[in-house]
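This is data-v1.csv. It holds CSV, C-alpha atoms.
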chain,number,residue,atom,x,y,z
A,17,MET,CA,0.0,0.0,0.0
A,18,SER,CA,1.4,3.4,-0.9
A,19,ASP,CA,2.1,6.2,1.6
A,20,ASN,CA,-0.9,8.2,0.2
A,21,ALA,CA,-3.3,5.2,0.6
A,22,ASN,CA,-2.2,4.7,4.2
A,23,ARG,CA,-2.8,8.4,4.9
A,24,ILE,CA,-6.3,8.2,3.4
A,25,VAL,CA,-7.2,5.2,5.5
A,26,PHE,CA,-5.9,6.9,8.7
A,27,ALA,CA,-7.7,10.1,7.9
A,28,LYS,CA,-11.0,8.3,7.3
A,29,ILE,CA,-10.7,6.4,10.5
A,30,GLY,CA,-9.5,9.3,12.6
A,31,GLU,CA,-12.7,11.2,11.7
A,32,LYS,CA,-15.0,8.6,13.4
A,33,ASP,CA,-16.0,7.9,16.9
A,34,TYR,CA,-15.3,4.2,17.2
A,35,ASP,CA,-18.1,3.7,19.8
A,36,ASP,CA,-20.7,4.4,17.1
A,37,ILE,CA,-19.2,2.2,14.4
A,38,LYS,CA,-20.7,-1.3,14.1
A,39,PRO,CA,-18.0,-3.7,13.0
A,40,ASN,CA,-18.7,-6.2,10.2
A,41,VAL,CA,-18.0,-9.7,11.6
A,42,GLU,CA,-16.9,-11.8,8.6
A,43,PHE,CA,-16.5,-15.1,10.5
A,44,SER,CA,-16.4,-16.2,14.1
A,45,THR,CA,-16.5,-19.3,16.2
A,46,MET,CA,-16.8,-17.3,19.5
A,47,ASN,CA,-19.9,-16.9,21.7
A,48,GLN,CA,-21.4,-13.4,21.7
A,49,GLU,CA,-19.7,-12.3,25.0
A,50,ALA,CA,-16.2,-13.2,23.6
A,51,LYS,CA,-17.0,-11.5,20.3
A,52,GLU,CA,-18.0,-8.3,22.1
A,53,LEU,CA,-14.9,-8.4,24.3
A,54,CYS,CA,-12.6,-8.7,21.2
A,55,ILE,CA,-14.4,-6.0,19.3
A,56,ASN,CA,-14.3,-3.6,22.3
A,57,ILE,CA,-10.6,-4.2,22.9
A,58,ALA,CA,-10.0,-3.5,19.2
A,59,LYS,CA,-12.0,-0.3,19.3
A,60,ASN,CA,-10.1,0.8,22.4
A,61,ALA,CA,-6.8,0.1,20.6
A,62,LEU,CA,-8.0,2.2,17.7
A,63,LYS,CA,-8.8,5.1,20.0
A,64,THR,CA,-5.6,5.0,22.0
A,65,THR,CA,-2.9,4.0,19.5
A,66,PRO,CA,-1.2,6.9,17.6
A,67,ASP,CA,-1.3,6.3,13.9
A,68,SER,CA,2.4,6.7,13.2
A,69,HIS,CA,2.0,5.3,9.6
A,70,ILE,CA,4.0,2.1,8.9
A,71,SER,CA,4.1,0.7,12.5
A,72,TYR,CA,0.4,1.5,13.1
A,73,TYR,CA,-1.1,-2.0,12.4
A,74,LYS,CA,1.7,-3.6,14.4
A,75,LYS,CA,1.0,-1.4,17.4
A,76,LEU,CA,-2.7,-2.1,17.2
A,77,ALA,CA,-2.1,-5.9,17.0
A,78,LYS,CA,0.4,-5.8,20.0
A,79,LYS,CA,-2.1,-3.8,22.2
A,80,ILE,CA,-5.0,-6.1,21.3
A,81,LYS,CA,-2.9,-9.2,22.1
A,82,PHE,CA,-1.6,-7.9,25.4
A,83,ASP,CA,-5.1,-6.7,26.5
A,84,LEU,CA,-6.6,-10.1,25.7
A,85,GLU,CA,-3.9,-12.0,27.5
A,86,LYS,CA,-4.3,-9.7,30.5
A,87,ASN,CA,-8.0,-10.4,30.5
A,88,ASP,CA,-7.6,-14.2,29.9
A,89,ARG,CA,-4.6,-15.0,32.1
A,90,GLY,CA,-2.4,-17.9,30.9
A,91,GLN,CA,-3.9,-18.1,27.5
A,92,ILE,CA,-1.9,-17.3,24.3
A,93,TRP,CA,-3.8,-14.9,22.0
A,94,ASN,CA,-2.7,-13.9,18.5
A,95,CYS,CA,-3.8,-10.9,16.5
A,96,VAL,CA,-3.3,-9.8,12.8
A,97,VAL,CA,-4.3,-6.3,11.8
A,98,GLY,CA,-4.2,-4.7,8.4
A,99,SER,CA,-6.0,-3.8,5.3
A,100,ASP,CA,-4.4,-6.4,3.0
A,101,TYR,CA,-3.0,-9.7,4.2
A,102,GLY,CA,-3.4,-13.4,3.9
A,103,ALA,CA,-3.4,-16.0,6.8
A,104,PHE,CA,-3.6,-19.7,7.3
A,105,ILE,CA,-4.0,-20.4,11.0
A,106,SER,CA,-4.8,-23.0,13.6
A,107,PHE,CA,-7.0,-22.0,16.5
A,108,GLU,CA,-8.8,-23.4,19.5
A,109,LYS,CA,-12.5,-24.3,19.0
A,110,ALA,CA,-14.8,-21.4,19.7
A,111,ASN,CA,-11.8,-18.9,19.9
A,112,MET,CA,-11.5,-17.1,16.6
A,113,ILE,CA,-13.0,-14.0,15.1
A,114,TYR,CA,-12.4,-12.1,11.9
A,115,PHE,CA,-14.0,-8.7,11.6
A,116,ARG,CA,-13.6,-5.3,10.0
A,117,ILE,CA,-13.9,-1.8,11.4
A,118,ASN,CA,-14.0,0.7,8.5
A,119,GLU,CA,-11.1,-0.4,6.2
A,120,ILE,CA,-9.1,-2.2,8.9
A,121,TYR,CA,-9.4,-6.0,9.3
A,122,PHE,CA,-8.8,-7.9,12.5
A,123,LEU,CA,-8.0,-11.6,12.8
A,124,ILE,CA,-7.9,-12.6,16.5
A,125,PHE,CA,-7.5,-16.1,17.7
A,126,ARG,CA,-6.4,-18.1,20.7
A,127,PHE,CA,-4.0,-21.0,20.4
A,128,GLY,CA,-2.4,-22.6,23.4
A,129,ALA,CA,-1.7,-21.8,27.0
A,130,VAL,CA,1.3,-20.9,29.1
A,131,GLU,CA,2.0,-23.9,31.4
A,132,GLY,CA,1.4,-23.3,35.1
A,133,LEU,CA,-0.8,-20.2,34.6
A,134,ARG,CA,-4.1,-21.9,33.8
What is this file in structure tokens?
Amino acid sequence: MSDNANRIVFAKIGEKDYDDIKPNVEFSTMNQEAKELCINIAKNALKTTPDSHISYYKKLAKKIKFDLEKNDRGQIWNCVVGSDYGAFISFEKANMIYFRINEIYFLIFRFGAVEGLR
């Protein structure tokens, strides 16, 4: 994606109040409560992460991962954020969601646990 395209995406997103945006869930194996938790954490990350261009998606993914792991102690969460990517993943049953907020896609899934912290 070119610099100009990134700036356009950020400008469009920056103009919105994320609380009012209804995400488009493309696919999920999660129950409603878990879906809402992931979406709310993603919205919070969008609100609180500065959009410093190239590292923006990486910062969003890192914040979402850490917030989910803090909330779900001992579990290993993974997060992919961006506007153009491919993925082939393994995930635990009932622990995956793929959704979009504006032009940004989020793939969040749990796979594994840290031994001794369950």
Worksheet item: In Å, with one decimal, what is the gap from atom CA of Asp35 of chain A to atom CA of Gln48 of chain A?
Response: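 Here the two named atoms are 17.5 Å from each other.
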Discussion item. Residues proximal to (-3.7, -19.4, 27.6) were defined as those with any atom within 6 Å of that point in the file's coordinates, counting only C-alpha atoms. Which are they, as a PyMOL selection string?
Written reply: chain A and resi 90-92+128-130
Centre and edges of the segment 75-81 of chain A box, axis-aligned, 8 Å extra per side, as lines of an AutoDock Vina configuration file:
center_x = -2.0
center_y = -5.3
center_z = 19.6
size_x = 22.0
size_y = 23.8
size_z = 21.2
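Residue nearest Leu123 of chain A, chosen from A:Thr64, A:Asn56, A:Ser44, A:Ser71 and counting all atoms listed in the file: A:Ser44.
Rounded to one decimal, atom CA of Cys95 of chain A and atom CA of Lys78 of chain A lie 7.5 Å from each other.
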Worksheet item: Which residues come within 8 Å of Ala110 of chain A, counting only C-alpha atoms, excluding same-chain residues fewer than 3 positions away, as a PyMOL selection string?
Response: chain A and resi 44-47
Practice prompt. Tell me, in Å to one decimal, how far atom CA of Asp100 of chain A is from atom CA of Tyr73 of chain A.
Written response: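 One can read the atom CA of Asp100 of chain A to atom CA of Tyr73 of chain A distance as 10.9 Å.
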Practice prompt. For each of A:Leu53, A:Phe125, A:Pro39, A:Phe82, take the minimum atom-to-atom distance to Ala103 of chain A, counting only C-alpha atoms, then give the residue where this is smallest.
Written response: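 The closest residue to Ala103 of chain A is A:Phe125.
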Worksheet item: Quick one: of A:Lys79, A:Lys109, A:Lys38, A:Lys86, who's nearest to Asn60 of chain A, counting all atoms listed in the file?
Response: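 Closest residue, counting all atoms listed in the file: A:Lys79.
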Discussion item. Using only C-alpha atoms and a cutoff of 12 Å, can you tell me which residues are near (-8.3, -5.8, 12.8) in the file's coordinates, and write them out as a ChimeraX atom specification?
Written reply: /A:39-42,54-62,72-81,94-101,113-125
I need the residues from that last selection saved to file as a JSON list (two decimals), in the coordinates of the input (with C-alpha atoms), if you can.
[["chain", "number", "residue", "atom", "x", "y", "z"],
["A", 39, "PRO", "CA", -18.00, -3.70, 13.00],
["A", 40, "ASN", "CA", -18.70, -6.20, 10.20],
["A", 41, "VAL", "CA", -18.00, -9.70, 11.60],
["A", 42, "GLU", "CA", -16.90, -11.80, 8.60],
["A", 54, "CYS", "CA", -12.60, -8.70, 21.20],
["A", 55, "ILE", "CA", -14.40, -6.00, 19.30],
["A", 56, "ASN", "CA", -14.30, -3.60, 22.30],
["A", 57, "ILE", "CA", -10.60, -4.20, 22.90],
["A", 58, "ALA", "CA", -10.00, -3.50, 19.20],
["A", 59, "LYS", "CA", -12.00, -0.30, 19.30],
["A", 60, "ASN", "CA", -10.10, 0.80, 22.40],
["A", 61, "ALA", "CA", -6.80, 0.10, 20.60],
["A", 62, "LEU", "CA", -8.00, 2.20, 17.70],
["A", 72, "TYR", "CA", 0.40, 1.50, 13.10],
["A", 73, "TYR", "CA", -1.10, -2.00, 12.40],
["A", 74, "LYS", "CA", 1.70, -3.60, 14.40],
["A", 75, "LYS", "CA", 1.00, -1.40, 17.40],
["A", 76, "LEU", "CA", -2.70, -2.10, 17.20],
["A", 77, "ALA", "CA", -2.10, -5.90, 17.00],
["A", 78, "LYS", "CA", 0.40, -5.80, 20.00],
["A", 79, "LYS", "CA", -2.10, -3.80, 22.20],
["A", 80, "ILE", "CA", -5.00, -6.10, 21.30],
["A", 81, "LYS", "CA", -2.90, -9.20, 22.10],
["A", 94, "ASN", "CA", -2.70, -13.90, 18.50],
["A", 95, "CYS", "CA", -3.80, -10.90, 16.50],
["A", 96, "VAL", "CA", -3.30, -9.80, 12.80],
["A", 97, "VAL", "CA", -4.30, -6.30, 11.80],
["A", 98, "GLY", "CA", -4.20, -4.70, 8.40],
["A", 99, "SER", "CA", -6.00, -3.80, 5.30],
["A", 100, "ASP", "CA", -4.40, -6.40, 3.00],
["A", 101, "TYR", "CA", -3.00, -9.70, 4.20],
["A", 113, "ILE", "CA", -13.00, -14.00, 15.10],
["A", 114, "TYR", "CA", -12.40, -12.10, 11.90],
["A", 115, "PHE", "CA", -14.00, -8.70, 11.60],
["A", 116, "ARG", "CA", -13.60, -5.30, 10.00],
["A", 117, "ILE", "CA", -13.90, -1.80, 11.40],
["A", 118, "ASN", "CA", -14.00, 0.70, 8.50],
["A", 119, "GLU", "CA", -11.10, -0.40, 6.20],
["A", 120, "ILE", "CA", -9.10, -2.20, 8.90],
["A", 121, "TYR", "CA", -9.40, -6.00, 9.30],
["A", 122, "PHE", "CA", -8.80, -7.90, 12.50],
["A", 123, "LEU", "CA", -8.00, -11.60, 12.80],
["A", 124, "ILE", "CA", -7.90, -12.60, 16.50],
["A", 125, "PHE", "CA", -7.50, -16.10, 17.70]]
Using the structure just given, write a file holding C-alpha atoms for segment 43-76 of chain A, as an mmCIF file, in the first residue's frame.
data_model
loop_
_atom_site.group_PDB
_atom_site.id
_atom_site.type_symbol
_atom_site.label_atom_id
_atom_site.label_comp_id
_atom_site.auth_asym_id
_atom_site.auth_seq_id
_atom_site.Cartn_x
_atom_site.Cartn_y
_atom_site.Cartn_z
ATOM 1 C CA PHE A 43 -16.530 -15.075 10.493
ATOM 2 C CA SER A 44 -16.440 -16.187 14.104
ATOM 3 C CA THR A 45 -16.525 -19.326 16.210
ATOM 4 C CA MET A 46 -16.841 -17.337 19.454
ATOM 5 C CA ASN A 47 -19.861 -16.871 21.659
ATOM 6 C CA GLN A 48 -21.435 -13.397 21.730
ATOM 7 C CA GLU A 49 -19.695 -12.330 24.965
ATOM 8 C CA ALA A 50 -16.246 -13.237 23.633
ATOM 9 C CA LYS A 51 -16.984 -11.489 20.307
ATOM 10 C CA GLU A 52 -17.996 -8.309 22.102
ATOM 11 C CA LEU A 53 -14.858 -8.434 24.260
ATOM 12 C CA CYS A 54 -12.561 -8.734 21.217
ATOM 13 C CA ILE A 55 -14.379 -5.993 19.328
ATOM 14 C CA ASN A 56 -14.348 -3.625 22.319
ATOM 15 C CA ILE A 57 -10.624 -4.221 22.883
ATOM 16 C CA ALA A 58 -9.993 -3.530 19.175
ATOM 17 C CA LYS A 59 -12.037 -0.313 19.304
ATOM 18 C CA ASN A 60 -10.125 0.811 22.397
ATOM 19 C CA ALA A 61 -6.829 0.070 20.638
ATOM 20 C CA LEU A 62 -7.957 2.151 17.654
ATOM 21 C CA LYS A 63 -8.832 5.052 19.965
ATOM 22 C CA THR A 64 -5.617 4.961 21.984
ATOM 23 C CA THR A 65 -2.912 3.990 19.465
ATOM 24 C CA PRO A 66 -1.245 6.876 17.623
ATOM 25 C CA ASP A 67 -1.339 6.336 13.867
ATOM 26 C CA SER A 68 2.361 6.682 13.166
ATOM 27 C CA HIS A 69 2.048 5.326 9.630
ATOM 28 C CA ILE A 70 4.012 2.116 8.926
ATOM 29 C CA SER A 71 4.051 0.701 12.457
ATOM 30 C CA TYR A 72 0.366 1.521 13.114
ATOM 31 C CA TYR A 73 -1.060 -1.952 12.403
ATOM 32 C CA LYS A 74 1.720 -3.621 14.380
ATOM 33 C CA LYS A 75 1.032 -1.376 17.388
ATOM 34 C CA LEU A 76 -2.687 -2.134 17.187
#
